[in-house]
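Containing mmCIF, C-alpha atoms and all ligand atoms: protein.cif.
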```
data_run
loop_
_atom_site.label_atom_id
_atom_site.label_comp_id
_atom_site.auth_asym_id
_atom_site.auth_seq_id
_atom_site.Cartn_x
_atom_site.Cartn_y
_atom_site.Cartn_z
CA MET A 1 196.24 54.49 -130.72
CA GLU A 2 194.79 55.25 -134.14
CA GLY A 3 193.86 52.00 -135.87
CA LYS A 4 194.90 49.76 -132.97
CA VAL A 5 192.76 47.08 -131.36
CA ALA A 6 192.62 46.61 -127.57
CA PHE A 7 191.34 43.64 -125.55
CA VAL A 8 190.07 44.83 -122.15
CA THR A 9 188.92 42.52 -119.34
CA GLY A 10 186.61 43.75 -116.58
CA ALA A 11 185.40 46.39 -119.02
CA ALA A 12 181.79 46.77 -117.84
CA ARG A 13 182.52 49.45 -115.25
CA GLY A 14 185.19 51.13 -113.13
CA GLN A 15 188.70 51.37 -114.46
CA GLY A 16 188.05 48.80 -117.20
CA ARG A 17 185.31 50.94 -118.73
CA SER A 18 187.45 54.02 -118.35
CA HIS A 19 190.39 52.35 -120.13
CA ALA A 20 188.13 51.11 -122.93
CA VAL A 21 186.57 54.52 -123.54
CA ARG A 22 189.88 56.38 -123.34
CA LEU A 23 191.55 53.97 -125.75
CA ALA A 24 188.60 54.42 -128.11
CA GLU A 25 188.84 58.22 -127.82
CA GLU A 26 192.47 57.87 -128.87
CA GLY A 27 191.45 55.83 -131.93
CA ALA A 28 191.43 52.16 -130.88
CA ASP A 29 188.73 49.54 -131.50
CA ILE A 30 187.79 47.57 -128.41
CA ILE A 31 187.15 43.94 -127.51
CA ALA A 32 185.51 44.19 -124.09
CA VAL A 33 184.75 41.31 -121.72
CA ASP A 34 183.24 41.14 -118.26
CA LEU A 35 181.75 38.46 -116.03
CA CYS A 36 178.55 40.49 -115.55
CA HIS A 37 177.38 38.53 -112.52
CA ASP A 38 178.40 38.10 -108.89
CA ILE A 39 180.86 35.70 -107.29
CA ASP A 40 179.41 34.39 -104.00
CA SER A 41 182.50 34.81 -101.84
CA ILE A 42 183.26 38.35 -102.95
CA GLY A 43 180.70 40.13 -100.81
CA TYR A 44 179.87 43.09 -103.08
CA PRO A 45 178.06 43.18 -106.42
CA LEU A 46 180.06 42.90 -109.59
CA ALA A 47 179.02 44.46 -112.89
CA ARG A 48 175.79 43.63 -114.70
CA PRO A 49 175.10 43.08 -118.42
CA GLU A 50 173.65 46.63 -118.59
CA ASP A 51 177.01 47.97 -117.43
CA LEU A 52 178.77 46.26 -120.31
CA GLU A 53 176.13 47.64 -122.70
CA GLU A 54 176.80 51.12 -121.32
CA THR A 55 180.53 50.69 -121.99
CA ALA A 56 179.65 49.67 -125.56
CA LYS A 57 177.51 52.79 -126.02
CA LEU A 58 180.25 55.06 -124.70
CA VAL A 59 182.84 53.49 -127.02
CA GLU A 60 180.49 53.73 -130.01
CA LYS A 61 179.96 57.43 -129.24
CA THR A 62 183.65 57.96 -129.94
CA GLY A 63 183.16 56.53 -133.43
CA ARG A 64 185.21 53.41 -132.80
CA GLY A 65 184.03 49.80 -132.99
CA ILE A 66 183.46 47.48 -130.05
CA VAL A 67 182.77 43.77 -129.61
CA THR A 68 181.50 42.78 -126.16
CA ALA A 69 181.26 39.37 -124.50
CA GLN A 70 180.17 38.11 -121.12
CA ALA A 71 183.11 35.93 -120.17
CA ASP A 72 184.77 34.75 -116.98
CA VAL A 73 188.51 35.42 -116.93
CA ARG A 74 188.93 32.33 -114.74
CA ASP A 75 187.98 30.24 -117.76
CA ALA A 76 190.50 30.53 -120.59
CA SER A 77 188.13 28.93 -123.10
CA GLN A 78 185.54 31.69 -122.53
CA LEU A 79 188.20 34.34 -123.04
CA HIS A 80 189.47 32.56 -126.13
CA ALA A 81 185.97 32.51 -127.65
CA ALA A 82 185.45 36.21 -126.85
CA LEU A 83 188.78 37.19 -128.34
CA GLU A 84 188.19 35.15 -131.47
CA ARG A 85 184.89 36.99 -132.02
CA GLY A 86 186.71 40.29 -131.68
CA MET A 87 189.49 39.12 -133.99
CA SER A 88 187.02 38.12 -136.66
CA GLU A 89 185.57 41.64 -136.49
CA PHE A 90 188.79 43.66 -136.30
CA GLY A 91 191.36 41.24 -137.74
CA LYS A 92 194.21 41.95 -135.32
CA LEU A 93 195.21 42.70 -131.74
CA ASP A 94 197.71 45.30 -130.48
CA ILE A 95 196.95 45.92 -126.81
CA VAL A 96 195.85 43.79 -123.86
CA VAL A 97 194.48 45.48 -120.74
CA ALA A 98 194.12 42.55 -118.34
CA GLN A 99 192.52 44.18 -115.35
CA ALA A 100 189.40 42.29 -114.21
CA GLY A 101 189.83 41.93 -110.47
CA VAL A 102 188.04 41.31 -107.19
CA ALA A 103 188.74 41.96 -103.52
CA GLY A 104 187.26 39.08 -101.55
CA MET A 105 186.18 39.38 -97.97
CA ALA A 106 184.00 36.51 -96.86
CA GLY A 107 185.56 33.69 -94.86
CA GLU A 108 182.95 30.98 -95.49
CA PRO A 109 183.48 28.33 -96.64
CA PRO A 110 187.06 28.56 -95.42
CA LEU A 111 189.48 29.74 -98.07
CA GLN A 112 186.84 29.97 -100.82
CA ALA A 113 187.41 33.74 -101.07
CA TRP A 114 191.15 33.12 -101.18
CA ARG A 115 190.67 30.78 -104.10
CA ASP A 116 188.22 33.02 -105.98
CA VAL A 117 190.48 36.06 -105.70
CA ILE A 118 193.62 34.20 -106.79
CA GLU A 119 191.76 32.59 -109.67
CA THR A 120 190.36 35.93 -110.86
CA ASN A 121 193.22 38.34 -110.22
CA LEU A 122 196.17 36.09 -110.95
CA PHE A 123 195.04 33.22 -113.19
CA GLY A 124 192.40 35.39 -114.87
CA THR A 125 195.08 37.88 -115.86
CA ILE A 126 197.41 35.13 -117.03
CA ASN A 127 194.54 33.60 -119.03
CA ALA A 128 193.82 36.90 -120.78
CA ILE A 129 197.46 37.36 -121.70
CA HIS A 130 197.83 33.73 -122.70
CA VAL A 131 194.91 33.73 -125.16
CA ALA A 132 196.12 37.03 -126.62
CA LEU A 133 199.78 36.14 -127.07
CA PRO A 134 199.46 34.21 -130.36
CA HIS A 135 197.93 37.33 -131.94
CA LEU A 136 200.39 39.92 -130.64
CA LYS A 137 203.09 41.27 -132.93
CA GLU A 138 206.19 43.39 -132.38
CA GLY A 139 205.26 46.70 -130.76
CA ALA A 140 202.28 45.24 -128.88
CA ALA A 141 201.64 46.23 -125.27
CA ILE A 142 200.24 44.27 -122.34
CA ILE A 143 198.98 46.16 -119.30
CA ALA A 144 198.19 44.05 -116.22
CA THR A 145 196.62 45.99 -113.38
CA GLY A 146 198.52 45.50 -110.16
CA SER A 147 198.10 47.15 -106.78
CA THR A 148 200.11 48.80 -104.06
CA ALA A 149 198.67 45.97 -101.94
CA ALA A 150 201.52 43.97 -103.44
CA LEU A 151 203.88 45.97 -101.22
CA MET A 152 202.09 45.29 -97.95
CA ASP A 153 203.73 43.41 -95.17
CA VAL A 154 201.30 40.64 -94.25
CA GLY A 155 203.38 39.82 -91.20
CA LYS A 156 201.97 43.01 -89.63
CA LYS A 157 198.35 41.87 -90.00
CA ASP A 158 196.26 42.41 -86.85
CA ASN A 159 193.90 39.52 -87.44
CA PRO A 160 195.78 36.60 -88.99
CA GLY A 161 193.48 33.96 -90.44
CA ALA A 162 190.37 36.14 -90.29
CA ASP A 163 190.33 37.48 -93.79
CA PRO A 164 191.42 35.04 -96.49
CA GLY A 165 190.03 37.20 -99.30
CA ALA A 166 192.17 40.16 -98.30
CA MET A 167 195.23 37.98 -97.95
CA ALA A 168 194.52 36.58 -101.42
CA TYR A 169 194.29 40.10 -102.85
CA ILE A 170 197.76 40.90 -101.58
CA THR A 171 199.14 37.55 -102.71
CA SER A 172 197.53 37.80 -106.15
CA LYS A 173 198.91 41.27 -106.86
CA ARG A 174 202.36 40.37 -105.56
CA LEU A 175 202.56 37.28 -107.75
CA LEU A 176 201.13 39.22 -110.67
CA SER A 177 203.89 41.79 -110.34
CA GLN A 178 206.49 39.02 -110.39
CA PHE A 179 204.78 37.33 -113.33
CA VAL A 180 204.75 40.53 -115.38
CA ASN A 181 208.37 41.18 -114.53
CA ASP A 182 209.40 37.71 -115.73
CA LEU A 183 207.13 37.93 -118.76
CA GLY A 184 208.99 41.09 -119.80
CA THR A 185 212.17 39.10 -120.18
CA GLU A 186 210.42 36.32 -122.09
CA LEU A 187 208.67 38.67 -124.51
CA ALA A 188 211.49 41.16 -125.02
CA PRO A 189 212.93 39.30 -128.03
CA ARG A 190 209.49 39.59 -129.68
CA GLY A 191 209.32 43.33 -129.01
CA ILE A 192 206.22 43.01 -126.82
CA ARG A 193 206.12 45.13 -123.69
CA PRO A 194 204.23 43.96 -120.58
CA THR A 195 203.67 46.48 -117.80
CA SER A 196 202.00 46.32 -114.42
CA SER A 197 200.35 49.49 -113.23
CA THR A 198 197.94 50.67 -110.58
CA ARG A 199 195.99 53.75 -109.62
CA ARG A 200 193.74 54.22 -106.62
CA THR A 201 190.25 55.05 -107.85
CA ALA A 202 186.87 55.26 -106.14
CA THR A 203 185.24 52.07 -107.46
CA PRO A 204 183.33 49.32 -105.61
CA ILE A 205 186.49 47.24 -105.25
CA CYS A 206 188.26 50.16 -103.61
CA CYS A 207 185.47 50.79 -101.09
CA ARG A 208 185.55 47.13 -100.09
CA ALA A 209 189.28 47.20 -99.76
CA ASP A 210 189.08 50.17 -97.39
CA ARG A 211 186.93 48.16 -95.01
CA CYS A 212 189.26 45.24 -95.11
CA THR A 213 191.69 45.24 -92.22
CA GLY A 214 194.39 43.40 -94.12
CA LEU A 215 194.47 46.03 -96.84
CA SER A 216 194.08 49.15 -94.78
CA ALA A 217 197.19 48.32 -92.78
CA PRO A 218 199.95 50.87 -93.37
CA ILE A 219 202.59 49.94 -95.88
CA SER A 220 205.41 49.33 -93.44
CA ASN A 221 207.73 47.64 -95.89
CA THR A 222 208.38 49.92 -98.84
CA ARG A 223 210.38 47.35 -100.75
CA PRO A 224 209.73 48.02 -104.44
CA ALA A 225 207.92 45.25 -106.26
CA PRO A 226 209.76 44.28 -109.42
CA THR A 227 208.14 45.71 -112.54
CA PRO A 228 209.23 45.65 -116.16
CA SER A 229 210.15 49.31 -115.96
CA ARG A 230 212.75 48.33 -113.39
CA CYS A 231 213.96 45.41 -115.46
CA SER A 232 216.70 46.85 -117.57
CA LEU A 233 217.22 43.46 -119.20
CA SER A 234 213.76 43.48 -120.76
CA ASN A 235 213.91 47.19 -121.59
CA ARG A 236 217.25 46.85 -123.30
CA ARG A 237 216.04 44.07 -125.55
CA CYS A 238 212.49 45.24 -126.01
CA LYS A 239 212.28 47.43 -129.08
CA SER A 240 208.91 48.83 -128.07
CA ALA A 241 210.03 49.96 -124.61
CA THR A 242 210.07 53.72 -124.38
CA SER A 243 211.49 54.45 -120.93
CA SER A 244 213.76 52.80 -118.44
CA PRO A 245 214.07 54.61 -115.12
CA LYS A 246 217.58 53.92 -113.92
CA THR A 247 217.31 53.19 -110.23
CA SER A 248 220.28 51.72 -108.46
CA ALA A 249 218.30 48.50 -108.23
CA THR A 250 217.98 48.50 -112.02
CA ARG A 251 221.66 48.94 -112.51
CA ALA A 252 222.43 46.21 -109.98
CA VAL A 253 220.05 43.74 -111.59
CA ALA A 254 221.50 44.53 -115.02
CA GLY A 255 224.94 43.52 -113.86
CA LEU A 256 224.00 40.44 -111.90
CA ARG A 257 225.96 38.10 -114.09
CA ARG A 258 229.16 39.76 -112.94
CA GLY A 259 230.26 38.40 -109.56
CA GLN A 260 231.25 41.69 -108.00
CA VAL A 261 227.96 43.37 -108.85
CA ARG A 262 226.08 40.32 -107.68
CA HIS A 263 227.85 40.55 -104.35
CA ARG A 264 227.23 44.30 -104.07
CA TYR A 265 223.56 43.77 -104.88
CA ALA A 266 223.24 41.09 -102.20
CA VAL A 267 224.76 43.39 -99.57
CA GLU A 268 222.69 46.37 -100.71
CA SER A 269 219.49 44.35 -100.90
CA ARG A 270 219.90 43.22 -97.30
CA ARG A 271 220.51 46.80 -96.21
CA ARG A 272 217.68 48.37 -98.23
CA ARG A 273 215.35 45.36 -98.41
CA LEU A 274 215.47 45.25 -102.19
CA PRO A 275 213.98 42.22 -103.93
CA GLN A 276 216.18 39.15 -103.65
CA VAL A 277 217.40 38.10 -107.05
CA VAL A 278 219.00 34.69 -107.13
N1 LIG B 1 190.01 51.00 -107.49
C1 LIG B 1 191.22 51.06 -106.99
O1 LIG B 1 191.56 51.96 -106.21
C2 LIG B 1 192.24 50.04 -107.35
C3 LIG B 1 193.52 50.12 -106.77
C4 LIG B 1 194.47 49.20 -107.13
C5 LIG B 1 194.19 48.22 -108.07
N2 LIG B 1 192.92 48.16 -108.60
C6 LIG B 1 192.68 47.10 -109.58
O2 LIG B 1 192.04 47.66 -110.71
C7 LIG B 1 191.31 46.63 -111.38
C8 LIG B 1 189.91 47.16 -111.74
O3 LIG B 1 189.20 47.40 -110.55
P1 LIG B 1 188.11 48.55 -110.41
O4 LIG B 1 188.66 49.49 -109.40
O5 LIG B 1 187.71 49.07 -111.72
O6 LIG B 1 186.94 47.70 -109.71
P2 LIG B 1 185.47 47.29 -110.22
O7 LIG B 1 184.95 46.32 -109.22
O8 LIG B 1 184.68 48.50 -110.51
O9 LIG B 1 185.74 46.57 -111.63
C9 LIG B 1 186.17 45.24 -111.76
C10 LIG B 1 185.48 44.64 -112.96
O10 LIG B 1 185.96 43.29 -113.14
C11 LIG B 1 184.85 42.46 -113.41
N3 LIG B 1 185.17 41.08 -113.01
C12 LIG B 1 185.34 40.60 -111.77
N4 LIG B 1 185.60 39.28 -111.79
C13 LIG B 1 185.59 38.92 -113.09
C14 LIG B 1 185.79 37.68 -113.76
N5 LIG B 1 186.03 36.54 -113.08
N6 LIG B 1 185.73 37.66 -115.11
C15 LIG B 1 185.48 38.81 -115.82
N7 LIG B 1 185.27 39.99 -115.23
C16 LIG B 1 185.33 40.06 -113.88
C17 LIG B 1 183.72 43.04 -112.57
O11 LIG B 1 182.43 42.61 -113.01
C18 LIG B 1 183.96 44.53 -112.77
O12 LIG B 1 183.30 45.04 -113.90
C19 LIG B 1 191.32 45.42 -110.45
O13 LIG B 1 192.30 44.50 -110.92
C20 LIG B 1 191.75 46.00 -109.12
O14 LIG B 1 192.39 45.05 -108.31
C21 LIG B 1 191.95 49.04 -108.27
#
```
As structure tokens, please, write out the structure in this file.
Ligand SMILES: NC(=O)c1ccc[n+]([C@@H]2O[C@H](COP(=O)([O-])OP(=O)(O)OC[C@H]3O[C@@H](n4cnc5c(N)ncnc54)[C@H](O)[C@@H]3O)[C@@H](O)[C@H]2O)c1
Amino acid sequence: MEGKVAFVTGAARGQGRSHAVRLAEEGADIIAVDLCHDIDSIGYPLARPEDLEETAKLVEKTGRGIVTAQADVRDASQLHAALERGMSEFGKLDIVVAQAGVAGMAGEPPLQAWRDVIETNLFGTINAIHVALPHLKEGAAIIATGSTAALMDVGKKDNPGADPGAMAYITSKRLLSQFVNDLGTELAPRGIRPTSSTRRTATPICCRADRCTGLSAPISNTRPAPTPSRCSLSNRRCKSATSSPKTSATRAVAGLRRGQVRHRYAVESRRRRLPQVV
């Protein structure tokens, strides 16, 4: 990480702060953004300006530089302005950690939580990547924080219609996973590697999620969500990719252009509930 510059969203606390500080410990300068105020439909407090200041102090303690900005990931122009400030300080960008996220709960007004979660988790992540892309060069990395919620079977929900925020969380992470997978193919020729990752951590979002019936339902469908690491097409072309776990799904997807493999994949995917690739 020595000499690299990382753009981290949702950096005021939780995993975002942890990523920012760790990257700084490894030698990176940080451009850190966070909303730093609440969203009405979310039902638990988000970070405060003091939290972002604390992140800045912790990064500075490592000896690395940091530029902070209060910005809403739902608004690409705010992210653009924040990133430009960071760019004018550090002059380049190597890493994007697009991970600001919320787990909505409230049902009033109807579907507001659904909208706020989708706009933050999905469009907010796309916005962060989108404003960063013009600055990224070969070897750059994009990390979008996903969730195992993406694997949940919403058909097994006990209370359909009662929890639009939870449904939106699942939807947002599922679509995010698909987006990152497809982005891998698009960015492979430029040698830029997008990845979606997740780790369960005791943060406010996690505590809310535990109380949410939609998210605490057991994962009954273990179908793997597509990720770049499973996309051999992007790994093969992407010069910065370091590993490519060869699952049978990977091999099948790699050979999809050949009719026989395509047929075998279709049969296998029905049997094992692998993602449908058409
Ligand atoms: N904690 C877990 O166990 C867990 C599990 C799976 C995925 N995740 C994902 O990890 C990511 C980070 O979550 P966390 O656990 O650190 O939770 P957190 O609530 O502590 O941190 C989220 C941060 O994002 C910020 N944020 C929210 N909306 C924003 C917006 N519109 N614009 C800018 N910043 C905004 C918040 O202020 C907060 O600082 C999220 O994407 C979450 O979905 C967390």
Smallest atom-to-atom distance to A:Ile129: which of A:Leu23, A:Thr201, A:Arg17, A:Leu83, using only C-alpha atoms? A:Leu83
Using all atoms listed in the file, determine which residues fall within 8 Å of ligand LIG 1 (chain B), then list them as a PyMOL selection string. chain A and resi 9-17+33-39+45-48+51-52+70-74+98-103+119-121+124+144-149+169+173+198-207
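Here atom CA of A:Arg85 stands at a distance of 14.4 Å from atom CA of A:Ala128.
With only C-alpha atoms as the atoms that count, the minimum distance from A:Ala69 to the choices A:Ile30, A:Leu93, A:Ile126, A:Leu136 is reached by A:Ile30.
The gap separating atom CA of A:Glu89 from atom CA of A:Leu133 is 17.9 Å, in Å to one decimal.
Of note, atom CA of A:Ser18 and atom CA of A:Asp94 are spaced 18.1 Å apart.
Comparing A:Leu183, A:Met105, A:Ala32, A:Val131 by their smallest distance to A:Thr68, the closest is A:Ala32 (using all atoms listed in the file).
With distances restricted to all atoms listed in the file, A:Ile118 is the closest residue to A:Leu175 from A:Leu58, A:Ala76, A:Val154, A:Ile118.
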Which residue of A:Gly86, A:Pro194, A:Gly91, A:Gly104 approaches A:Gly139 most closely, using all atoms listed in the file: A:Pro194
Got a sec to check which residues sit within 7 Å of (196.2, 60.6, -132.9), counting only C-alpha atoms, and write them as number ranges by chain? A: 1-2, 26-27
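Among A:Val180, A:Ala140, A:Val8, A:Leu187, the residue with the shortest atom-to-atom distance to A:Lys92, counting all atoms listed in the file, is A:Ala140.
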